[in-house]
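Reproduced below: start_1.txt, with compact mmCIF, C-alpha atoms.
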```txt
# COMPACT_ATOMS: atom_id res chain seq x y z
CA MET I 1 113.89 -4.83 -46.26
CA ALA I 2 110.96 -2.44 -46.45
CA LYS I 3 108.70 -5.28 -47.63
CA THR I 4 109.69 -7.43 -44.71
CA ALA I 5 108.81 -4.67 -42.23
CA SER I 6 105.44 -4.20 -43.90
CA ASN I 7 104.65 -7.90 -43.69
CA LEU I 8 105.54 -7.96 -40.03
CA LYS I 9 103.24 -5.05 -39.39
CA ASP I 10 100.38 -6.74 -41.29
CA GLN I 11 100.95 -9.93 -39.36
CA GLU I 12 100.81 -8.07 -36.05
CA MET I 13 97.57 -6.37 -37.04
CA LEU I 14 96.11 -9.68 -38.16
CA GLU I 15 97.09 -11.31 -34.89
CA ALA I 16 95.52 -8.44 -32.97
CA ALA I 17 92.31 -8.79 -34.99
CA PHE I 18 92.22 -12.50 -34.28
CA GLU I 19 92.81 -11.77 -30.60
CA GLN I 20 89.94 -9.29 -30.54
CA PHE I 21 87.73 -11.71 -32.47
CA ASN I 22 88.44 -14.47 -30.00
CA THR I 23 87.62 -12.14 -27.08
CA VAL I 24 84.33 -11.02 -28.62
CA SER I 25 83.45 -14.60 -29.51
CA SER I 26 84.11 -15.68 -25.94
CA GLN I 27 81.86 -12.85 -24.65
CA LEU I 28 79.12 -13.81 -27.09
CA ILE I 29 79.33 -17.44 -26.02
CA ASP I 30 79.00 -16.39 -22.36
CA ALA I 31 76.07 -14.12 -23.15
CA TYR I 32 74.38 -16.90 -25.11
CA ARG I 33 74.82 -19.30 -22.23
CA GLN I 34 73.32 -16.76 -19.79
CA LEU I 35 70.46 -16.16 -22.20
CA GLU I 36 69.93 -19.89 -22.51
CA VAL I 37 69.71 -20.17 -18.72
CA GLN I 38 67.19 -17.33 -18.56
CA VAL I 39 65.13 -18.95 -21.33
CA ASN I 40 65.07 -22.19 -19.39
CA VAL I 41 63.95 -20.32 -16.25
CA LEU I 42 61.24 -18.50 -18.21
CA ASN I 43 60.11 -21.75 -19.80
CA ALA I 44 59.84 -23.33 -16.37
CA GLN I 45 57.87 -20.35 -15.08
CA LEU I 46 55.64 -20.41 -18.17
CA ASP I 47 54.98 -24.12 -17.67
CA GLU I 48 54.08 -23.46 -14.03
CA ALA I 49 51.79 -20.59 -15.04
CA ASN I 50 50.15 -22.77 -17.69
CA ASN I 51 49.66 -25.52 -15.13
CA GLN I 52 48.05 -23.03 -12.75
CA LEU I 53 45.82 -21.69 -15.52
CA ARG I 54 44.77 -25.20 -16.51
CA LYS I 55 44.06 -26.02 -12.88
CA GLN I 56 42.06 -22.81 -12.41
CA ARG I 57 40.19 -23.52 -15.66
CA ASP I 58 39.29 -26.98 -14.44
CA GLU I 59 38.21 -25.61 -11.04
CA ASN I 60 36.11 -22.90 -12.72
CA ALA I 61 34.51 -25.49 -14.97
CA GLU I 62 33.75 -27.66 -11.96
CA LEU I 63 32.37 -24.66 -10.05
CA ALA I 64 30.24 -23.63 -13.03
CA GLU I 65 28.91 -27.17 -13.26
CA ARG I 66 28.04 -27.19 -9.55
CA LEU I 67 26.39 -23.76 -9.78
CA GLY I 68 24.44 -24.88 -12.82
CA MET I 69 23.23 -27.98 -11.03
CA LEU I 70 22.39 -25.87 -7.96
CA LEU I 71 20.37 -23.40 -10.04
CA GLU I 72 18.57 -26.27 -11.72
CA ALA I 73 17.65 -27.85 -8.37
CA LEU I 74 17.06 -24.61 -6.42
CA PRO I 75 13.40 -24.32 -5.33
CA ALA I 76 13.59 -20.52 -5.45
CA GLY I 77 13.35 -18.76 -8.79
CA VAL I 78 16.46 -17.00 -10.14
CA VAL I 79 16.28 -14.54 -13.04
CA GLN I 80 19.32 -12.82 -14.51
CA LEU I 81 18.80 -9.35 -15.98
CA ALA I 82 21.07 -7.44 -18.35
CA ALA I 83 22.02 -3.81 -17.72
CA ASP I 84 19.00 -2.68 -19.78
CA GLY I 85 16.59 -4.79 -17.70
CA VAL I 86 16.11 -7.57 -20.26
CA VAL I 87 15.88 -11.17 -19.03
CA VAL I 88 19.10 -13.00 -19.91
CA ALA I 89 18.50 -16.34 -18.18
CA GLU I 90 16.20 -18.00 -15.67
CA ASN I 91 16.25 -21.29 -13.81
CA PRO I 92 13.49 -23.94 -14.00
CA ALA I 93 11.97 -22.80 -10.72
CA ALA I 94 11.54 -19.27 -12.13
CA ARG I 95 9.88 -20.66 -15.28
CA LEU I 96 7.54 -22.70 -13.09
CA LEU I 97 6.65 -19.75 -10.87
CA LEU I 98 6.16 -17.41 -13.83
CA GLN I 99 4.62 -20.11 -16.05
CA GLY I 100 6.84 -19.95 -19.11
CA LYS I 101 10.14 -18.73 -20.56
CA HIS I 102 10.88 -15.03 -20.63
CA ASP I 103 14.35 -14.82 -22.22
CA GLY I 104 14.73 -11.59 -24.18
CA LEU I 105 11.73 -9.89 -22.53
CA ALA I 106 11.95 -6.72 -20.46
CA TRP I 107 11.52 -7.45 -16.75
CA ASP I 108 9.03 -4.57 -16.44
CA ALA I 109 6.89 -6.26 -19.09
CA VAL I 110 7.09 -9.56 -17.20
CA MET I 111 5.87 -7.81 -14.00
CA ALA I 112 3.03 -6.04 -15.80
CA GLY I 113 -0.25 -6.78 -14.03
CA TRP I 114 1.36 -7.85 -10.78
CA THR I 115 -0.25 -6.35 -7.67
CA ARG I 116 2.09 -5.15 -4.92
CA SER I 117 0.98 -5.36 -1.30
CA GLU I 118 1.82 -2.23 0.69
CA LEU I 119 1.70 -4.29 3.89
CA ASP I 120 4.60 -6.67 3.24
CA GLY I 121 5.91 -5.71 -0.22
CA THR I 122 4.96 -9.03 -1.83
CA TYR I 123 3.43 -9.39 -5.29
CA THR I 124 0.29 -11.23 -6.38
CA LEU I 125 0.12 -12.82 -9.83
CA PRO I 126 -3.62 -12.78 -10.62
CA GLN I 127 -3.27 -14.15 -14.16
CA GLN I 128 -2.65 -17.62 -12.78
CA GLU I 129 -5.44 -20.05 -11.90
CA ALA I 130 -4.54 -19.98 -8.20
CA ALA I 131 -3.29 -16.50 -7.30
CA ARG I 132 0.39 -16.87 -6.40
CA ARG I 133 2.15 -14.51 -4.00
CA LEU I 134 5.85 -13.85 -4.57
CA ALA I 135 8.53 -12.06 -2.57
CA LEU I 136 11.28 -10.45 -4.70
CA GLN I 137 14.91 -9.75 -3.82
CA TYR I 138 17.37 -7.93 -6.10
CA GLN I 139 21.16 -8.29 -6.18
CA ASP I 140 23.34 -6.04 -8.36
CA LEU I 141 26.06 -7.45 -10.64
CA PRO I 142 28.70 -4.68 -10.71
CA ALA I 143 30.84 -6.31 -13.40
CA SER I 144 28.09 -6.45 -16.04
CA GLY I 145 25.79 -3.75 -14.70
CA GLY I 146 22.92 -6.24 -14.56
CA ARG I 147 20.99 -7.70 -11.65
CA ILE I 148 19.86 -11.01 -10.20
CA VAL I 149 16.21 -11.35 -9.15
CA LEU I 150 15.36 -13.98 -6.52
CA LEU I 151 11.74 -15.15 -6.50
CA HIS I 152 10.31 -16.75 -3.35
CA ASP I 153 6.86 -18.33 -3.32
CA VAL I 154 5.27 -17.13 -0.06
CA SER I 155 1.70 -18.12 -0.94
CA ARG I 156 1.56 -20.86 1.68
CA LEU I 157 3.21 -18.67 4.32
CA HIS I 158 0.76 -15.86 3.59
CA HIS I 159 -2.18 -18.25 3.83
CA LEU I 160 -0.93 -19.59 7.18
CA THR I 161 -0.38 -16.04 8.45
CA VAL I 162 -3.93 -15.07 7.52
CA GLU I 163 -5.28 -18.23 9.14
CA LEU I 164 -3.26 -17.58 12.31
CA ALA I 165 -4.51 -13.99 12.51
CA HIS I 166 -8.07 -15.25 12.03
CA GLN I 167 -7.66 -17.85 14.78
CA GLN I 168 -6.11 -15.28 17.11
CA LYS I 169 -8.99 -12.92 16.42
CA LEU I 170 -11.52 -15.66 17.16
CA ALA I 171 -9.67 -16.56 20.36
CA ALA I 172 -9.59 -12.90 21.42
CA MET I 173 -13.29 -12.52 20.63
CA GLY I 174 -14.05 -15.63 22.66
CA GLY I 175 -12.11 -14.32 25.61
CA MET I 176 -13.74 -10.91 25.34
CA ALA I 177 -17.20 -12.47 25.06
CA ALA I 178 -16.58 -14.56 28.18
CA SER I 179 -15.26 -11.54 30.09
CA LEU I 180 -18.15 -9.39 28.89
CA ALA I 181 -20.67 -12.01 30.01
CA HIS I 182 -19.00 -12.01 33.43
CA GLN I 183 -19.13 -8.21 33.58
CA LEU I 184 -22.79 -8.12 32.53
CA ARG I 185 -23.98 -10.82 34.94
CA THR I 186 -23.76 -8.84 38.19
CA PRO I 187 -25.49 -5.58 37.18
CA LEU I 188 -28.09 -7.54 35.19
CA ALA I 189 -28.89 -9.77 38.16
CA THR I 190 -29.14 -6.71 40.42
CA ALA I 191 -31.45 -4.93 37.96
CA MET I 192 -33.67 -8.04 37.75
CA LEU I 193 -33.82 -8.21 41.55
CA TYR I 194 -34.88 -4.58 41.87
CA THR I 195 -37.42 -5.02 39.06
CA ALA I 196 -38.87 -8.13 40.71
CA ASN I 197 -39.48 -6.11 43.88
CA LEU I 198 -41.85 -3.87 41.93
CA LYS I 199 -44.34 -6.79 41.78
CA GLN I 200 -44.79 -6.79 45.55
CA GLU I 201 -48.34 -5.96 46.64
CA GLY I 202 -48.83 -3.00 48.92
CA LEU I 203 -45.48 -1.48 47.98
CA ARG I 204 -45.27 2.13 49.10
CA PRO I 205 -44.83 4.72 46.32
CA GLU I 206 -41.53 5.93 47.73
CA ASP I 207 -40.19 2.35 47.86
CA ARG I 208 -41.42 1.73 44.31
CA ALA I 209 -39.65 4.88 43.13
CA LYS I 210 -36.47 3.78 44.94
CA PHE I 211 -36.50 0.37 43.22
CA VAL I 212 -37.17 2.04 39.86
CA ASP I 213 -34.23 4.41 40.37
CA LYS I 214 -31.92 1.54 41.33
CA SER I 215 -33.07 -0.53 38.36
CA LEU I 216 -32.45 2.40 36.02
CA ALA I 217 -29.01 2.94 37.54
CA ARG I 218 -28.09 -0.70 36.88
CA MET I 219 -29.49 -0.44 33.33
CA LYS I 220 -27.38 2.67 32.72
CA ALA I 221 -24.35 0.81 34.02
CA LEU I 222 -25.09 -1.97 31.52
CA GLU I 223 -25.48 0.58 28.73
CA GLY I 224 -22.17 2.20 29.68
CA LEU I 225 -20.43 -1.16 29.67
CA ILE I 226 -21.81 -1.99 26.22
CA GLN I 227 -20.81 1.43 24.89
CA ASN I 228 -17.29 0.95 26.24
CA MET I 229 -17.17 -2.46 24.60
CA LEU I 230 -18.28 -1.04 21.25
CA GLY I 231 -15.80 1.79 21.62
CA PHE I 232 -12.96 -0.66 22.18
CA VAL I 233 -13.95 -2.84 19.21
CA ARG I 234 -14.45 0.07 16.82
CA GLY I 235 -11.49 2.10 18.01
CA GLN I 236 -13.63 5.26 18.04
CA THR I 237 -11.45 7.05 15.46
CA SER I 238 -13.28 7.96 12.27
CA ALA I 239 -13.26 11.65 11.27
CA LEU I 240 -9.63 12.70 11.63
CA GLU I 241 -8.77 16.40 11.67
CA TRP I 242 -6.18 18.79 13.07
CA LEU I 243 -7.33 19.68 16.60
CA ASP I 244 -6.18 22.70 18.59
CA VAL I 245 -4.71 21.31 21.82
CA ALA I 246 -5.68 24.32 23.94
CA ALA I 247 -9.32 24.07 22.85
CA LEU I 248 -9.28 20.33 23.45
CA VAL I 249 -7.99 20.83 27.00
CA GLU I 250 -10.71 23.43 27.64
CA ASP I 251 -13.40 20.96 26.51
CA VAL I 252 -12.01 18.26 28.80
CA ALA I 253 -11.81 20.71 31.71
CA ALA I 254 -15.46 21.69 31.19
CA VAL I 255 -16.41 18.04 31.69
CA LEU I 256 -14.13 17.29 34.66
CA ILE I 257 -14.29 20.51 36.75
CA PRO I 258 -17.94 20.01 37.84
CA GLN I 259 -17.20 16.38 38.81
CA CYS I 260 -14.16 17.47 40.85
CA HIS I 261 -16.18 20.10 42.69
CA GLU I 262 -18.94 17.59 43.40
CA ARG I 263 -16.42 15.16 44.93
CA GLY I 264 -14.47 17.83 46.77
CA MET I 265 -11.32 17.34 44.66
CA ILE I 266 -8.81 19.89 43.41
CA TRP I 267 -8.57 20.38 39.62
CA ASP I 268 -4.98 21.32 38.64
CA CYS I 269 -4.45 21.92 34.92
CA ASN I 270 -1.15 23.27 33.60
CA ASN I 271 -0.80 23.91 29.85
CA LEU I 272 2.88 24.44 29.02
CA LEU I 273 2.44 24.52 25.25
CA PRO I 274 3.18 27.50 23.00
CA SER I 275 0.27 28.75 20.90
CA ALA I 276 -1.05 27.12 17.72
CA ILE I 277 -0.11 23.52 18.60
CA THR I 278 -2.39 20.96 16.93
CA VAL I 279 -2.69 17.17 16.91
CA MET I 280 -4.31 14.89 14.34
CA GLY I 281 -7.26 12.95 15.70
CA ASP I 282 -10.99 12.41 16.08
CA ARG I 283 -12.25 15.08 18.50
CA LYS I 284 -14.80 12.86 20.23
CA ALA I 285 -12.44 9.88 20.53
CA LEU I 286 -9.48 11.92 21.81
CA GLN I 287 -11.60 13.86 24.27
CA GLY I 288 -13.11 10.57 25.46
CA ALA I 289 -9.64 9.08 25.96
CA LEU I 290 -8.51 12.03 28.12
CA VAL I 291 -11.76 11.95 30.09
CA ASN I 292 -11.26 8.21 30.68
CA LEU I 293 -7.79 8.83 32.12
CA LEU I 294 -9.01 11.66 34.34
CA GLU I 295 -12.11 9.80 35.57
CA ASN I 296 -9.91 6.82 36.35
CA ALA I 297 -7.70 9.12 38.44
CA MET I 298 -10.78 10.47 40.25
CA HIS I 299 -11.99 6.98 41.18
CA PHE I 300 -8.67 6.19 42.88
CA SER I 301 -8.24 9.56 44.63
CA PRO I 302 -9.54 10.37 48.13
CA GLU I 303 -11.86 13.28 48.87
CA GLY I 304 -9.88 16.51 48.74
CA GLY I 305 -7.24 14.90 46.54
CA ARG I 306 -5.59 16.54 43.54
CA ILE I 307 -6.34 15.63 39.92
CA GLY I 308 -3.58 16.98 37.70
CA LEU I 309 -3.41 17.43 33.93
CA THR I 310 -0.15 18.75 32.47
CA VAL I 311 0.25 19.35 28.71
CA SER I 312 3.78 19.80 27.35
CA LEU I 313 6.03 19.26 24.34
CA GLN I 314 8.44 16.31 24.40
CA ASP I 315 10.60 15.60 21.34
CA GLU I 316 8.17 17.29 18.94
CA GLN I 317 5.20 15.44 20.44
CA VAL I 318 2.41 16.57 22.74
CA CYS I 319 2.35 14.78 26.10
CA PHE I 320 -0.86 14.76 28.19
CA ARG I 321 0.15 13.72 31.75
CA VAL I 322 -2.62 12.81 34.20
CA GLU I 323 -1.74 12.49 37.92
CA ASP I 324 -3.65 11.61 41.08
CA ASP I 325 -3.06 11.33 44.83
CA GLY I 326 -4.56 7.85 45.12
CA VAL I 327 -3.10 4.49 46.10
CA GLY I 328 -1.09 4.01 42.89
CA LEU I 329 -0.91 0.80 40.92
CA GLN I 330 -0.68 -1.35 44.06
CA GLY I 331 1.91 -3.64 42.50
CA ALA I 332 -0.03 -4.24 39.27
CA ASP I 333 1.99 -4.74 36.09
CA PRO I 334 1.81 -1.40 34.18
CA ALA I 335 1.61 -3.27 30.85
CA ARG I 336 -1.44 -5.28 31.98
CA LEU I 337 -3.39 -2.14 32.85
CA PHE I 338 -4.21 -1.67 29.16
CA GLU I 339 -5.46 -5.22 28.58
CA PRO I 340 -9.22 -5.53 27.99
CA PHE I 341 -11.21 -6.34 31.16
CA PHE I 342 -8.18 -6.08 33.46
CA THR I 343 -8.97 -3.73 36.35
CA THR I 344 -7.81 -3.04 39.90
CA ARG I 345 -10.92 -0.99 40.77
CA PRO I 346 -13.94 -2.73 42.33
CA GLY I 347 -16.86 -2.37 39.94
CA GLY I 348 -14.60 -1.33 37.07
CA THR I 349 -15.11 -2.72 33.57
CA GLY I 350 -11.44 -2.88 32.59
CA LEU I 351 -12.17 -1.25 29.21
CA GLY I 352 -11.41 2.43 29.85
CA LEU I 353 -7.62 2.18 29.59
CA SER I 354 -7.92 -0.33 26.72
CA ILE I 355 -9.90 2.25 24.75
CA VAL I 356 -7.27 4.90 25.52
CA LYS I 357 -4.51 2.62 24.23
CA LYS I 358 -6.43 1.77 21.06
CA VAL I 359 -7.10 5.45 20.31
CA ALA I 360 -3.43 6.32 20.96
CA GLU I 361 -2.13 3.59 18.66
CA GLU I 362 -4.51 4.52 15.84
CA LEU I 363 -3.21 8.10 16.06
CA ALA I 364 0.47 6.96 15.92
CA GLY I 365 0.90 7.73 19.62
CA LYS I 366 1.35 5.76 22.83
CA VAL I 367 0.15 5.67 26.44
CA VAL I 368 2.11 4.53 29.50
CA GLY I 369 1.45 4.52 33.22
CA GLY I 370 3.17 3.99 36.55
CA ASP I 371 3.53 5.01 40.18
CA ARG I 372 4.56 8.52 41.20
CA VAL I 373 7.44 9.02 43.61
CA GLN I 374 5.23 11.32 45.72
CA GLY I 375 2.46 8.72 45.81
CA GLY I 376 -0.45 8.04 43.51
CA ALA I 377 -0.31 7.11 39.84
CA TYR I 378 0.35 8.85 36.53
CA PHE I 379 -0.58 8.18 32.91
CA GLU I 380 1.00 9.83 29.87
CA LEU I 381 -0.72 10.00 26.47
CA THR I 382 1.75 11.10 23.78
CA LEU I 383 0.72 12.10 20.24
CA PRO I 384 2.49 13.62 17.19
CA CYS I 385 1.82 17.30 16.73
CA ARG I 386 2.53 20.27 14.50
CA GLY I 387 2.73 24.01 14.98
CA MET I 388 5.02 26.58 16.58
CA GLY I 389 7.94 24.85 18.25
CA ALA I 390 7.09 21.47 16.73
CA MET I 391 7.77 19.79 13.44
CA ASP I 392 4.89 19.36 11.00
CA VAL I 393 3.76 15.78 10.59
```
Write the structure described by the file as structure tokens, please.
Amino acid sequence: MAKTASNLKDQEMLEAAFEQFNTVSSQLIDAYRQLEVQVNVLNAQLDEANNQLRKQRDENAELAERLGMLLEALPAGVVQLAADGVVVAENPAARLLLQGKHDGLAWDAVMAGWTRSELDGTYTLPQQEAARRLALQYQDLPASGGRIVLLHDVSRLHHLTVELAHQQKLAAMGGMAASLAHQLRTPLATAMLYTANLKQEGLRPEDRAKFVDKSLARMKALEGLIQNMLGFVRGQTSALEWLDVAALVEDVAAVLIPQCHERGMIWDCNNLLPSAITVMGDRKALQGALVNLLENAMHFSPEGGRIGLTVSLQDEQVCFRVEDDGVGLQGADPARLFEPFFTTRPGGTGLGLSIVKKVAEELAGKVVGGDRVQGGAYFELTLPCRGMGAMDV
């Protein structure tokens, strides 16, 4: 009886174990099926990723092939540099421009002997039979730390630029020569006429002296015209030095005050500068430029008119402002006033303001002109300065 009970108990336990085994087996089968589904999904995703990678690889290969063909056919030179500045690769155009291969060489060594132009930043390669001029452009490669150097052959462009400048200079000289001949013709003809009168028989001494004086006056006018012409061509600036503005204004006033008194004009000079202000320039040229502006104002002003000179600081520059009470520009284009041989004054040479502009530009300054609201004209000559209240230059 006891044995039977024990067997029943063992059978129940065995049945329970089988039950549990079946349950666990069923769970494992479900888990396996879910895992199998996930594997299939991952395999599909992996196949898609592989397809994308293969496609990208093919596209990159095609792009590399196109870039290689482009570099081979590119007329500009391309040189690839490593992070240490060594040449890694170069296209055929670069080998042609530089006459040879330079793989493994330091770029500084390749450029040794090149001459850099300060004017346009191009380089001349004198070691070649025909000196070649190159323009260089650099592009960084952040990923590798290297750089790409682009080489452009600008020899032909430079030659054409030089030729154009030469032709323009010849054209300008031709125009100036023609204008100068026109300016010289009238006073020369007048001087010849007065000189011819000296040959008259029975000419009274006082008449002879009058003709001599008039001939000399015309000759002096010719000399002045030639000096103005030479001043315009040369620019007049040679010995540059720091000039005290106050002393410069005093020198100009010493020249102009007697002329104003002789013509019955009012000299009005107002120096608004602090002490110790200086400008860089050639004393004779700068004084001549200011005198030109002031004499021009005197020629256009009526008797008893005011000739003004105001000196002030504007944006760390000295501004010389000349004013008059004359008729103004009379509709003339302010920009044309500074062209050689352009004048609105009868008997004028048209070179005075051109000389002023040339002196201003050679001293890194500028000159402008226009009509005043109150009537008359003004001209402003502005130059860099240094000293108290101004920045050193």
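Ranking I:Trp114, I:Phe338, I:Phe211, I:Phe300 by their shortest atom-to-atom distance to I:Leu136, with all atoms listed in the file included, puts I:Trp114 first.
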Inset, instruction - Take atom CA of I:His102 and atom CA of I:Leu134 and report the distance between them in Å, one decimal. - result: 16.9 Å
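From atom CA of I:Lys358 back to atom CA of I:Pro258, the distance works out to 27.3 Å.
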Inset, instruction - Might you pull out every residue within 12 Å of I:Asp244, with all atoms listed in the file counted and same-chain residues fewer than 6 positions away left off, and present them as number ranges by chain? - result: I: 250-251, 273-283, 286-287, 318, 385-387
Legend entry - Exercise: residues within 10 Å of coordinate (3.8, 6.9, 35.5), counting all atoms listed in the file, as an NGL selection string: :I and (321-323 or 328-329 or 334 or 367-373 or 376-380)
Legend entry - Two-atom distance - atom CA of I:Ile355, atom CA of I:Trp267 (Å):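 Interatomic distance, atom CA of I:Ile355 to atom CA of I:Trp267: 23.5 Å.
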Edge lengths and centre in Å to one decimal, as AutoDock Vina command-line options, is what I'm after for the box along x, y and z that holds all listed atoms of stretch 24-29 of chain I once 8 Å is added on each side.
```
--center_x 81.7 --center_y -14.2 --center_z -27.1 --size_x 21.2 --size_y 22.4 --size_z 20.9
```
Inset, instruction - Select, from I:Leu198, I:Val154, I:Val359, I:Val249, the residue with the minimum atom-to-atom distance to I:Ala289, counting all atoms listed in the file. - result: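 Ranking I:Leu198, I:Val154, I:Val359, I:Val249 by distance to I:Ala289, first place goes to I:Val359.
Here the question is which of I:Asn22, I:Asn271, I:Asn50, I:Ser354 gets nearest to I:Leu313 using only C-alpha atoms, and that residue is I:Asn271.
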Legend entry - Distance criterion (all atoms listed in the file): nearest to I:Leu256 out of I:Asn292, I:Ser6, I:Thr195, I:Thr23: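 Of all the options, I:Asn292 lies closest to I:Leu256.
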